[in-house]
>>> print(open('structure-v9.pdb').read())   # PDB, C-alpha atoms, pLDDT in the B column
ATOM      1  CA  MET Y   1      29.254   6.634  14.323  1.00 47.00           C
ATOM      2  CA  LYS Y   2      25.838   6.259  12.695  1.00 66.00           C
ATOM      3  CA  ASP Y   3      24.513   2.759  12.118  1.00 82.00           C
ATOM      4  CA  PHE Y   4      23.321   3.837   8.700  1.00 87.00           C
ATOM      5  CA  ALA Y   5      24.570   5.530   5.573  1.00 92.00           C
ATOM      6  CA  GLU Y   6      22.537   7.718   3.244  1.00 94.00           C
ATOM      7  CA  TYR Y   7      22.017   7.727  -0.492  1.00 95.00           C
ATOM      8  CA  ASN Y   8      20.957  11.143  -1.796  1.00 94.00           C
ATOM      9  CA  LYS Y   9      21.247  11.732  -5.550  1.00 90.00           C
ATOM     10  CA  GLY Y  10      18.895  12.962  -8.235  1.00 81.00           C
ATOM     11  CA  ASN Y  11      15.803  13.312  -6.011  1.00 85.00           C
ATOM     12  CA  VAL Y  12      16.313   9.815  -4.560  1.00 92.00           C
ATOM     13  CA  TYR Y  13      17.011   9.509  -0.859  1.00 94.00           C
ATOM     14  CA  PHE Y  14      17.124   6.472   1.410  1.00 96.00           C
ATOM     15  CA  ALA Y  15      19.051   5.258   4.429  1.00 95.00           C
ATOM     16  CA  TYR Y  16      20.735   1.857   4.522  1.00 95.00           C
ATOM     17  CA  PRO Y  17      23.066  -0.098   6.853  1.00 93.00           C
ATOM     18  CA  HIS Y  18      26.488   1.572   6.974  1.00 92.00           C
ATOM     19  CA  ASN Y  19      28.364  -1.626   6.082  1.00 91.00           C
ATOM     20  CA  TRP Y  20      26.377  -2.267   2.879  1.00 94.00           C
ATOM     21  CA  THR Y  21      27.627  -1.105  -0.519  1.00 94.00           C
ATOM     22  CA  ILE Y  22      25.927   0.908  -3.256  1.00 96.00           C
ATOM     23  CA  GLN Y  23      25.935   0.039  -6.955  1.00 93.00           C
ATOM     24  CA  GLU Y  24      24.397   2.282  -9.593  1.00 91.00           C
ATOM     25  CA  SER Y  25      23.606   1.718 -13.235  1.00 87.00           C
ATOM     26  CA  GLU Y  26      25.219   3.862 -15.860  1.00 78.00           C
ATOM     27  CA  PRO Y  27      23.085   6.850 -16.845  1.00 70.00           C
ATOM     28  CA  ASP Y  28      20.454   5.582 -19.239  1.00 67.00           C
ATOM     29  CA  ASP Y  29      17.424   7.141 -20.878  1.00 63.00           C
ATOM     30  CA  GLU Y  30      15.261   4.140 -20.041  1.00 77.00           C
ATOM     31  CA  LEU Y  31      16.036   2.919 -16.510  1.00 85.00           C
ATOM     32  CA  ARG Y  32      17.870   4.028 -13.414  1.00 89.00           C
ATOM     33  CA  ILE Y  33      18.893   1.192 -11.080  1.00 91.00           C
ATOM     34  CA  ILE Y  34      20.313   1.615  -7.584  1.00 95.00           C
ATOM     35  CA  SER Y  35      21.258  -1.454  -5.529  1.00 94.00           C
ATOM     36  CA  VAL Y  36      22.424  -1.813  -1.955  1.00 95.00           C
ATOM     37  CA  ASP Y  37      24.300  -5.053  -1.204  1.00 91.00           C
ATOM     38  CA  SER Y  38      24.827  -6.598   2.221  1.00 89.00           C
ATOM     39  CA  PRO Y  39      28.218  -8.123   3.063  1.00 86.00           C
ATOM     40  CA  GLU Y  40      26.504 -11.551   3.153  1.00 80.00           C
ATOM     41  CA  GLY Y  41      25.012 -11.302  -0.341  1.00 80.00           C
ATOM     42  CA  SER Y  42      21.446 -10.097   0.231  1.00 85.00           C
ATOM     43  CA  PHE Y  43      20.426  -6.992  -1.668  1.00 88.00           C
ATOM     44  CA  TRP Y  44      17.780  -4.294  -2.108  1.00 94.00           C
ATOM     45  CA  SER Y  45      17.266  -2.595  -5.479  1.00 94.00           C
ATOM     46  CA  LEU Y  46      15.291   0.361  -6.743  1.00 95.00           C
ATOM     47  CA  VAL Y  47      14.448   0.615 -10.445  1.00 92.00           C
ATOM     48  CA  ILE Y  48      13.106   3.925 -11.740  1.00 91.00           C
ATOM     49  CA  TYR Y  49      11.194   3.599 -14.997  1.00 87.00           C
ATOM     50  CA  PRO Y  50      10.244   6.203 -17.585  1.00 78.00           C
ATOM     51  CA  GLN Y  51       6.977   8.069 -17.279  1.00 77.00           C
ATOM     52  CA  GLU Y  52       3.773   6.199 -18.016  1.00 80.00           C
ATOM     53  CA  THR Y  53       5.205   2.731 -17.322  1.00 87.00           C
ATOM     54  CA  ASP Y  54       2.557   0.515 -15.723  1.00 88.00           C
ATOM     55  CA  PRO Y  55       3.890  -0.536 -12.277  1.00 89.00           C
ATOM     56  CA  ASP Y  56       2.171  -3.925 -12.341  1.00 88.00           C
ATOM     57  CA  LEU Y  57       3.593  -4.705 -15.780  1.00 88.00           C
ATOM     58  CA  ALA Y  58       7.056  -3.646 -14.583  1.00 89.00           C
ATOM     59  CA  ALA Y  59       6.771  -5.983 -11.558  1.00 89.00           C
ATOM     60  CA  LYS Y  60       5.483  -8.798 -13.800  1.00 88.00           C
ATOM     61  CA  GLU Y  61       8.518  -8.336 -16.061  1.00 89.00           C
ATOM     62  CA  VAL Y  62      10.823  -8.925 -13.069  1.00 84.00           C
ATOM     63  CA  LEU Y  63       8.768 -12.007 -12.228  1.00 80.00           C
ATOM     64  CA  ARG Y  64       9.109 -13.241 -15.823  1.00 82.00           C
ATOM     65  CA  LEU Y  65      12.889 -12.731 -15.726  1.00 82.00           C
ATOM     66  CA  MET Y  66      13.103 -14.682 -12.460  1.00 77.00           C
ATOM     67  CA  ASN Y  67      11.046 -17.512 -13.971  1.00 77.00           C
ATOM     68  CA  ASP Y  68      13.409 -17.591 -16.952  1.00 81.00           C
ATOM     69  CA  GLU Y  69      16.487 -17.670 -14.698  1.00 78.00           C
ATOM     70  CA  TYR Y  70      15.236 -20.124 -12.056  1.00 73.00           C
ATOM     71  CA  LYS Y  71      13.092 -22.802 -13.685  1.00 76.00           C
ATOM     72  CA  ASP Y  72      11.617 -24.159 -10.445  1.00 80.00           C
ATOM     73  CA  CYS Y  73      10.742 -20.871  -8.801  1.00 81.00           C
ATOM     74  CA  GLU Y  74       7.334 -20.389  -7.217  1.00 80.00           C
ATOM     75  CA  SER Y  75       5.555 -17.084  -6.891  1.00 79.00           C
ATOM     76  CA  SER Y  76       2.531 -15.635  -5.163  1.00 83.00           C
ATOM     77  CA  GLU Y  77       1.019 -12.205  -4.799  1.00 88.00           C
ATOM     78  CA  ALA Y  78       2.686 -10.067  -2.140  1.00 87.00           C
ATOM     79  CA  HIS Y  79       1.152  -7.216  -0.177  1.00 88.00           C
ATOM     80  CA  ARG Y  80       3.106  -4.946   2.142  1.00 89.00           C
ATOM     81  CA  ILE Y  81       2.136  -1.907   4.155  1.00 89.00           C
ATOM     82  CA  ILE Y  82       5.235   0.242   4.495  1.00 90.00           C
ATOM     83  CA  GLY Y  83       4.679   3.543   6.206  1.00 86.00           C
ATOM     84  CA  GLU Y  84       1.279   4.698   5.049  1.00 86.00           C
ATOM     85  CA  ARG Y  85       1.501   3.046   1.645  1.00 87.00           C
ATOM     86  CA  PHE Y  86      -0.060  -0.248   0.557  1.00 89.00           C
ATOM     87  CA  LEU Y  87       2.259  -1.912  -1.983  1.00 90.00           C
ATOM     88  CA  THR Y  88       1.510  -4.929  -4.144  1.00 89.00           C
ATOM     89  CA  GLY Y  89       3.673  -7.226  -6.183  1.00 89.00           C
ATOM     90  CA  TYR Y  90       5.075 -10.736  -5.941  1.00 87.00           C
ATOM     91  CA  GLU Y  91       6.969 -12.982  -3.569  1.00 84.00           C
ATOM     92  CA  ILE Y  92       9.271 -15.382  -5.380  1.00 80.00           C
ATOM     93  CA  ASN Y  93      10.808 -18.496  -3.828  1.00 76.00           C
ATOM     94  CA  PHE Y  94      13.567 -20.377  -5.611  1.00 67.00           C
ATOM     95  CA  PHE Y  95      16.725 -22.436  -5.159  1.00 69.00           C
ATOM     96  CA  TYR Y  96      20.171 -21.055  -5.943  1.00 61.00           C
ATOM     97  CA  LEU Y  97      23.340 -23.046  -5.192  1.00 63.00           C
ATOM     98  CA  ASP Y  98      21.278 -25.448  -3.047  1.00 63.00           C
ATOM     99  CA  LEU Y  99      19.999 -22.547  -0.924  1.00 61.00           C
ATOM    100  CA  THR Y 100      16.364 -21.604  -0.559  1.00 72.00           C
ATOM    101  CA  SER Y 101      16.017 -17.965  -1.574  1.00 74.00           C
ATOM    102  CA  THR Y 102      13.214 -15.436  -1.373  1.00 79.00           C
ATOM    103  CA  ALA Y 103      12.685 -12.292  -3.420  1.00 80.00           C
ATOM    104  CA  ILE Y 104      10.037  -9.599  -3.184  1.00 86.00           C
ATOM    105  CA  VAL Y 105       9.149  -7.296  -6.084  1.00 90.00           C
ATOM    106  CA  LEU Y 106       6.800  -4.333  -5.516  1.00 93.00           C
ATOM    107  CA  GLY Y 107       5.737  -1.860  -8.198  1.00 90.00           C
ATOM    108  CA  PHE Y 108       4.114   1.539  -7.636  1.00 91.00           C
ATOM    109  CA  GLU Y 109       3.688   5.018  -9.062  1.00 88.00           C
ATOM    110  CA  GLU Y 110       4.433   8.370  -7.472  1.00 86.00           C
ATOM    111  CA  GLY Y 111       3.870  11.561  -9.373  1.00 80.00           C
ATOM    112  CA  ASN Y 112       4.894  10.888 -12.947  1.00 80.00           C
ATOM    113  CA  GLN Y 113       7.391   8.084 -12.170  1.00 86.00           C
ATOM    114  CA  THR Y 114       7.079   4.334 -11.861  1.00 90.00           C
ATOM    115  CA  TYR Y 115       9.225   2.526  -9.310  1.00 91.00           C
ATOM    116  CA  VAL Y 116       9.989  -1.118  -8.618  1.00 91.00           C
ATOM    117  CA  VAL Y 117      11.543  -2.115  -5.318  1.00 92.00           C
ATOM    118  CA  TYR Y 118      13.145  -5.556  -5.354  1.00 90.00           C
ATOM    119  CA  TRP Y 119      14.894  -7.395  -2.549  1.00 88.00           C
ATOM    120  CA  GLN Y 120      16.427 -10.830  -2.311  1.00 80.00           C
ATOM    121  CA  THR Y 121      17.983 -13.006   0.359  1.00 79.00           C
ATOM    122  CA  CYS Y 122      18.486 -16.684   1.104  1.00 69.00           C
ATOM    123  CA  ASP Y 123      17.063 -18.377   4.179  1.00 62.00           C
ATOM    124  CA  ARG Y 124      20.431 -18.809   5.869  1.00 51.00           C
ATOM    125  CA  MET Y 125      20.819 -15.007   5.852  1.00 49.00           C
ATOM    126  CA  ALA Y 126      17.315 -14.280   7.104  1.00 47.00           C
ATOM    127  CA  LEU Y 127      18.671 -12.701  10.295  1.00 45.00           C
ATOM    128  CA  THR Y 128      21.311 -10.001  10.427  1.00 47.00           C
ATOM    129  CA  ASN Y 129      23.966  -9.815  13.145  1.00 51.00           C
ATOM    130  CA  GLU Y 130      21.708  -7.386  15.011  1.00 52.00           C
ATOM    131  CA  LYS Y 131      18.954 -10.039  15.150  1.00 54.00           C
ATOM    132  CA  LEU Y 132      16.802  -8.038  12.765  1.00 60.00           C
ATOM    133  CA  SER Y 133      15.311  -9.944   9.920  1.00 75.00           C
ATOM    134  CA  GLN Y 134      16.494  -9.008   6.447  1.00 75.00           C
ATOM    135  CA  GLU Y 135      12.831  -8.276   5.723  1.00 79.00           C
ATOM    136  CA  GLU Y 136      12.839  -5.594   8.445  1.00 84.00           C
ATOM    137  CA  VAL Y 137      16.010  -4.057   7.011  1.00 88.00           C
ATOM    138  CA  PHE Y 138      14.611  -4.081   3.470  1.00 90.00           C
ATOM    139  CA  GLU Y 139      11.343  -2.549   4.651  1.00 91.00           C
ATOM    140  CA  ALA Y 140      13.240   0.145   6.585  1.00 92.00           C
ATOM    141  CA  ILE Y 141      15.225   1.082   3.468  1.00 94.00           C
ATOM    142  CA  THR Y 142      11.984   1.161   1.476  1.00 92.00           C
ATOM    143  CA  TYR Y 143      10.303   3.259   4.176  1.00 94.00           C
ATOM    144  CA  THR Y 144      13.028   5.918   4.067  1.00 94.00           C
ATOM    145  CA  PHE Y 145      12.739   6.018   0.278  1.00 94.00           C
ATOM    146  CA  LEU Y 146       8.929   6.295   0.314  1.00 92.00           C
ATOM    147  CA  ASN Y 147       8.943   8.871   3.103  1.00 91.00           C
ATOM    148  CA  ASN Y 148      11.282  11.069   1.086  1.00 88.00           C
ATOM    149  CA  LEU Y 149       9.098  10.826  -2.055  1.00 83.00           C
ATOM    150  CA  LYS Y 150       6.379  12.738  -0.238  1.00 62.00           C
ATOM    151  CA  LYS Y 151       8.773  15.689   0.159  1.00 59.00           C
ATOM    152  CA  HIS Y 152       9.300  16.175  -3.594  1.00 50.00           C
TER     153      HIS Y 152
END
>>> encode(input="structure-v9.pdb", output="C-alpha cells")
Amino acid sequence: MKDFAEYNKGNVYFAYPHNWTIQESEPDDELRIISVDSPEGSFWSLVIYPQETDPDLAAKEVLRLMNDEYKDCESSEAHRIIGERFLTGYEINFFYLDLTSTAIVLGFEEGNQTYVVYWQTCDRMALTNEKLSQEEVFEAITYTFLNNLKKH
C-alpha cells in the first residue's frame, strides 16, 4: 500500500498522506478551494483565484480574515523555498482553544492563475506519527502541486 494518496482533478495534482481527507468547494466562478485534513485536525488548503488576481493581495486578505477571527494573532513575513520556487507570504501565530497555533499563507502566480497555499496546525500536533514535522508534510504536498504546475 502506498503511504500517499493523489488528488488529480481539473489540472490540479498533488500527493498527500493516505489517511488524510479531501474537501472541495462547490463549483464557483470566483474561487476553487481544495483542502486536505489530517486526522488530528491540521490542514493544507489550495485556493485558486480568477485571472489577474494579485497574489500578495490574496495572501493579505487571508491575513486580514485571520486577524478578524483571532484578535490576538501575530504575523510576520514568511519566505519558503519549495522545490525551485521562492514563495512569500505570512506566518500567523494565534491561540485557539488554549492551544498555540501556527498558519502559513503563501501567494503566487503561475501562467494566468493566482494561487494561495494555506496550512495550519497547533503546536501539540507539530510532529506526525512518522516523526515528520507537519511543516515537512505541508511542504511536500506543496512541492507535488508546484512540480505538476510546470507540466501544464
>>> residues_around(input="structure-v9.pdb", residues="region 52-66 of chain Y", least_positions_apart="5", cutoff="9 Å", atoms="all atoms listed in the file", output="PyMOL selection string")
chain Y and resi 71+73+75+88-92+94+105-109+112-118
>>> atom_distance(input="structure-v9.pdb", atom1="CA of Asn11 (chain Y)", atom2="CA of Phe86 (chain Y)")
21.9 Å
>>> resolve_selection(input="structure-v9.pdb", expression="the PyMOL selection byres ((chain Y and resi 43) around 10)", output="tab-separated table (two decimals) with C-alpha atoms, in the frame of the given file")
chain	number	residue	atom	x	y	z
Y	20	TRP	CA	26.38	-2.27	2.88
Y	21	THR	CA	27.63	-1.10	-0.52
Y	22	ILE	CA	25.93	0.91	-3.26
Y	35	SER	CA	21.26	-1.45	-5.53
Y	36	VAL	CA	22.42	-1.81	-1.96
Y	37	ASP	CA	24.30	-5.05	-1.20
Y	38	SER	CA	24.83	-6.60	2.22
Y	39	PRO	CA	28.22	-8.12	3.06
Y	40	GLU	CA	26.50	-11.55	3.15
Y	41	GLY	CA	25.01	-11.30	-0.34
Y	42	SER	CA	21.45	-10.10	0.23
Y	44	TRP	CA	17.78	-4.29	-2.11
Y	45	SER	CA	17.27	-2.60	-5.48
Y	103	ALA	CA	12.68	-12.29	-3.42
Y	118	TYR	CA	13.14	-5.56	-5.35
Y	119	TRP	CA	14.89	-7.40	-2.55
Y	120	GLN	CA	16.43	-10.83	-2.31
Y	121	THR	CA	17.98	-13.01	0.36
Y	134	GLN	CA	16.49	-9.01	6.45
Y	138	PHE	CA	14.61	-4.08	3.47
>>> atom_distance(input="structure-v9.pdb", atom1="CA of Arg32 (chain Y)", atom2="CA of Lys9 (chain Y)")
11.5 Å
>>> residues_around(input="structure-v9.pdb", residues="Thr144 (chain Y)", least_positions_apart="3", cutoff="7 Å", atoms="only C-alpha atoms", output="ChimeraX atom specification")
/Y:14-15,140-141,147-148
>>> residues_near_point(input="structure-v9.pdb", point="(4.7, 1.2, 2.1)", cutoff="9 Å", atoms="only C-alpha atoms", output="number ranges by chain")
Y: 80-87, 139, 142-143, 146-147
>>> resolve_selection(input="structure-v9.pdb", expression="the PyMOL selection byres ((chain Y and resi 31) around 6)", output="PyMOL selection string")
chain Y and resi 28+30+32+48-49
>>> atom_distance(input="structure-v9.pdb", atom1="CA of Ser25 (chain Y)", atom2="CA of Glu69 (chain Y)")
20.7 Å
>>> residues_around(input="structure-v9.pdb", residues="Val12 (chain Y)", least_positions_apart="5", cutoff="8 Å", atoms="all atoms listed in the file", output="ChimeraX atom specification")
/Y:7,145,148-149
>>> closest_residue(input="structure-v9.pdb", among="Y:Ser133, Y:Ser101, Y:Ile34, Y:Gly111", to="Tyr13 (chain Y)", atoms="all atoms listed in the file")
Y:Ile34
>>> closest_residue(input="structure-v9.pdb", among="Y:Asp72, Y:Glu77, Y:Glu136, Y:Glu110", to="Tyr16 (chain Y)", atoms="all atoms listed in the file")
Y:Glu136
>>> axis_aligned_box(input="structure-v9.pdb", around="region 35-45 of chain Y", padding_each_side="4 Å", output="JSON")
{"center_x": 22.7, "center_y": -6.5, "center_z": -1.2, "size_x": 19.0, "size_y": 18.1, "size_z": 16.7}
>>> resolve_selection(input="structure-v9.pdb", expression="the PyMOL selection byres ((chain Y and resi 4) around 6)", output="MDAnalysis selection string")
chainID Y and resid 2:3 5 16:18
